[in-house]
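The file work_21.pdb comes next; it holds PDB, C-alpha atoms.
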```
ATOM      1  CA  MET A   1    -132.375  52.648  13.748
ATOM      2  CA  SER A   2    -130.276  52.543  16.871
ATOM      3  CA  ASP A   3    -126.773  54.045  16.909
ATOM      4  CA  ASP A   4    -125.438  51.420  19.318
ATOM      5  CA  LYS A   5    -125.660  48.727  16.637
ATOM      6  CA  PHE A   6    -123.167  45.863  16.745
ATOM      7  CA  GLU A   7    -120.341  47.133  14.488
ATOM      8  CA  ARG A   8    -117.940  44.212  14.343
ATOM      9  CA  HIS A   9    -118.714  42.925  10.867
ATOM     10  CA  ARG A  10    -116.006  40.878   9.123
ATOM     11  CA  GLN A  11    -113.141  41.737  11.473
ATOM     12  CA  PRO A  12    -109.975  39.658  11.081
ATOM     13  CA  TRP A  13    -109.153  37.300  13.943
ATOM     14  CA  LYS A  14    -106.364  38.517  16.210
ATOM     15  CA  PRO A  15    -103.840  36.027  17.682
ATOM     16  CA  ASP A  16    -105.119  36.623  21.237
ATOM     17  CA  GLU A  17    -108.705  35.901  20.128
ATOM     18  CA  ILE A  18    -107.603  32.661  18.481
ATOM     19  CA  GLN A  19    -105.736  31.686  21.651
ATOM     20  CA  LYS A  20    -108.825  32.414  23.765
ATOM     21  CA  LEU A  21    -111.019  30.423  21.343
ATOM     22  CA  ASN A  22    -108.665  27.439  21.666
ATOM     23  CA  LEU A  23    -108.634  27.673  25.458
ATOM     24  CA  LEU A  24    -112.433  27.954  25.810
ATOM     25  CA  ALA A  25    -113.081  25.160  23.308
ATOM     26  CA  LYS A  26    -110.691  22.849  25.180
ATOM     27  CA  LYS A  27    -112.476  23.669  28.454
ATOM     28  CA  GLY A  28    -115.673  22.361  26.845
ATOM     29  CA  MET A  29    -117.643  25.607  26.774
ATOM     30  CA  PRO A  30    -120.678  25.755  24.472
ATOM     31  CA  LEU A  31    -120.601  27.768  21.232
ATOM     32  CA  LYS A  32    -122.935  30.484  22.515
ATOM     33  CA  ALA A  33    -120.757  31.180  25.570
ATOM     34  CA  ILE A  34    -117.539  31.228  23.522
ATOM     35  CA  ALA A  35    -119.045  33.591  20.937
ATOM     36  CA  LYS A  36    -120.234  35.939  23.685
ATOM     37  CA  ALA A  37    -116.831  35.888  25.425
ATOM     38  CA  LEU A  38    -115.140  36.791  22.142
ATOM     39  CA  THR A  39    -117.857  39.308  21.130
ATOM     40  CA  ARG A  40    -118.239  37.519  17.824
ATOM     41  CA  SER A  41    -121.166  35.842  16.116
ATOM     42  CA  GLU A  42    -121.777  32.140  16.709
ATOM     43  CA  GLU A  43    -121.364  31.542  12.974
ATOM     44  CA  SER A  44    -117.977  33.278  12.864
ATOM     45  CA  THR A  45    -116.802  31.435  15.976
ATOM     46  CA  LYS A  46    -117.938  28.084  14.574
ATOM     47  CA  ASP A  47    -116.203  28.728  11.235
ATOM     48  CA  ARG A  48    -112.939  29.716  12.916
ATOM     49  CA  ALA A  49    -113.016  26.669  15.211
ATOM     50  CA  LYS A  50    -113.603  24.424  12.191
ATOM     51  CA  ALA A  51    -110.705  26.073  10.314
ATOM     52  CA  ASP A  52    -108.442  25.439  13.314
ATOM     53  CA  GLY A  53    -109.639  21.833  13.686
ATOM     54  CA  LEU A  54    -111.304  22.443  17.068
ATOM     55  CA  THR A  55    -114.426  20.767  18.328
ATOM     56  CA  ILE A  56    -116.919  22.813  20.312
ATOM     57  CA  ALA A  57    -119.090  21.098  22.906
ATOM     58  CA  LYS A  58    -122.750  20.661  22.053
ATOM     59  CA  LEU A  59    -125.340  21.632  24.647
ATOM     60  CA  ARG A  60    -127.362  18.628  25.811
TER      61      ARG A  60
END
```

Show me the file's structure as C-alpha coordinates.
Amino acid sequence: MSDDKFERHRQPWKPDEIQKLNLLAKKGMPLKAIAKALTRSEESTKDRAKADGLTIAKLR
(Lines of atoms letter the chains of each structure in order from A and count residues from 1; the text may use other names and numbers.)
(Lines give C-alpha, C1' and ligand atoms only; values in the text may rest on other atoms or scores of the structure.)
Protein backbone atom coordinates (compact mmCIF):
# COMPACT_ATOMS: atom_id res chain seq x y z
CA MET A 1 0.00 0.00 0.00
CA SER A 2 1.10 3.53 -0.70
CA ASP A 3 2.04 5.88 2.16
CA ASP A 4 0.68 8.95 0.37
CA LYS A 5 -2.90 7.73 0.82
CA PHE A 6 -5.66 10.32 1.15
CA GLU A 7 -5.90 10.79 4.95
CA ARG A 8 -8.82 13.17 5.36
CA HIS A 9 -11.46 10.73 6.55
CA ARG A 10 -14.38 12.17 8.55
CA GLN A 11 -12.87 15.59 9.24
CA PRO A 12 -15.25 18.21 10.66
CA TRP A 13 -16.10 21.11 8.36
CA LYS A 14 -14.31 24.35 9.21
CA PRO A 15 -16.12 27.72 8.84
CA ASP A 16 -13.81 28.80 5.99
CA GLU A 17 -14.54 25.56 4.09
CA ILE A 18 -18.28 26.10 4.50
CA GLN A 19 -17.89 29.68 3.26
CA LYS A 20 -15.93 28.47 0.22
CA LEU A 21 -18.54 25.77 -0.47
CA ASN A 22 -21.29 28.41 -0.41
CA LEU A 23 -19.34 30.71 -2.73
CA LEU A 24 -18.50 27.98 -5.28
CA ALA A 25 -22.03 26.57 -5.26
CA LYS A 26 -23.48 30.05 -5.89
CA LYS A 27 -21.05 30.52 -8.80
CA GLY A 28 -22.57 27.40 -10.37
CA MET A 29 -19.52 25.15 -10.23
CA PRO A 30 -20.10 21.40 -10.64
CA LEU A 31 -19.82 19.03 -7.66
CA LYS A 32 -16.57 17.44 -8.85
CA ALA A 33 -14.81 20.81 -9.12
CA ILE A 34 -16.08 21.99 -5.72
CA ALA A 35 -15.01 18.73 -4.04
CA LYS A 36 -11.54 19.00 -5.58
CA ALA A 37 -11.18 22.66 -4.53
CA LEU A 38 -12.09 21.72 -0.96
CA THR A 39 -10.02 18.49 -1.00
CA ARG A 40 -13.08 16.56 0.13
CA SER A 41 -15.00 13.67 -1.36
CA GLU A 42 -17.92 14.39 -3.69
CA GLU A 43 -20.21 12.54 -1.28
CA SER A 44 -19.12 14.66 1.70
CA THR A 45 -19.45 17.86 -0.31
CA LYS A 46 -22.91 16.89 -1.55
CA ASP A 47 -24.08 16.01 1.98
CA ARG A 48 -22.82 19.29 3.41
CA ALA A 49 -24.43 21.32 0.61
CA LYS A 50 -27.73 19.52 1.23
CA ALA A 51 -27.48 20.19 4.99
CA ASP A 52 -26.92 23.89 4.25
CA GLY A 53 -29.78 24.01 1.73
CA LEU A 54 -27.50 24.69 -1.25
CA THR A 55 -28.03 23.47 -4.77
CA ILE A 56 -25.03 22.35 -6.79
CA ALA A 57 -25.10 22.67 -10.56
CA LYS A 58 -25.46 19.47 -12.55
CA LEU A 59 -23.11 18.89 -15.47
CA ARG A 60 -24.99 18.74 -18.78

Notebook entry, point to check: Can you tell me how far CA of Arg40 in chain A sits from CA of Leu54 in chain A, in Å to one decimal?
Noted result: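 Interatomic distance, CA of Arg40 in chain A to CA of Leu54 in chain A: 16.6 Å.
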
Note to self: If we count only C-alpha atoms and set the cut-off at 10 Å, which residues sit around range 43-46 of chain A, ignoring sequence neighbours fewer than 6 positions away in its own chain? Please answer as a list in words.
What the structure shows: His9, Arg10, Gln11, Trp13, Ile18, Leu21, Leu31, Lys32, Ile34, Ala35, Lys36, Asp52, Leu54, Thr55 and Ile56 of chain A

Next item on the list: Calculate how many Å separate CA of Ala57 in chain A from CA of Lys26 in chain A, rounding to one decimal.
Entry: 8.9 Å

Check: Taking into account only C-alpha atoms, which residue in the set A:Glu42, A:Asp47, A:Ala37, A:Gly53 is nearest to Lys20 in chain A?
Finding: A:Ala37

Checklist line | Atom pair CA of Ala33 in chain A / CA of Pro15 in chain A: separation (Å) | finding: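 Result for CA of Ala33 in chain A versus CA of Pro15 in chain A: 19.3 Å, one decimal.
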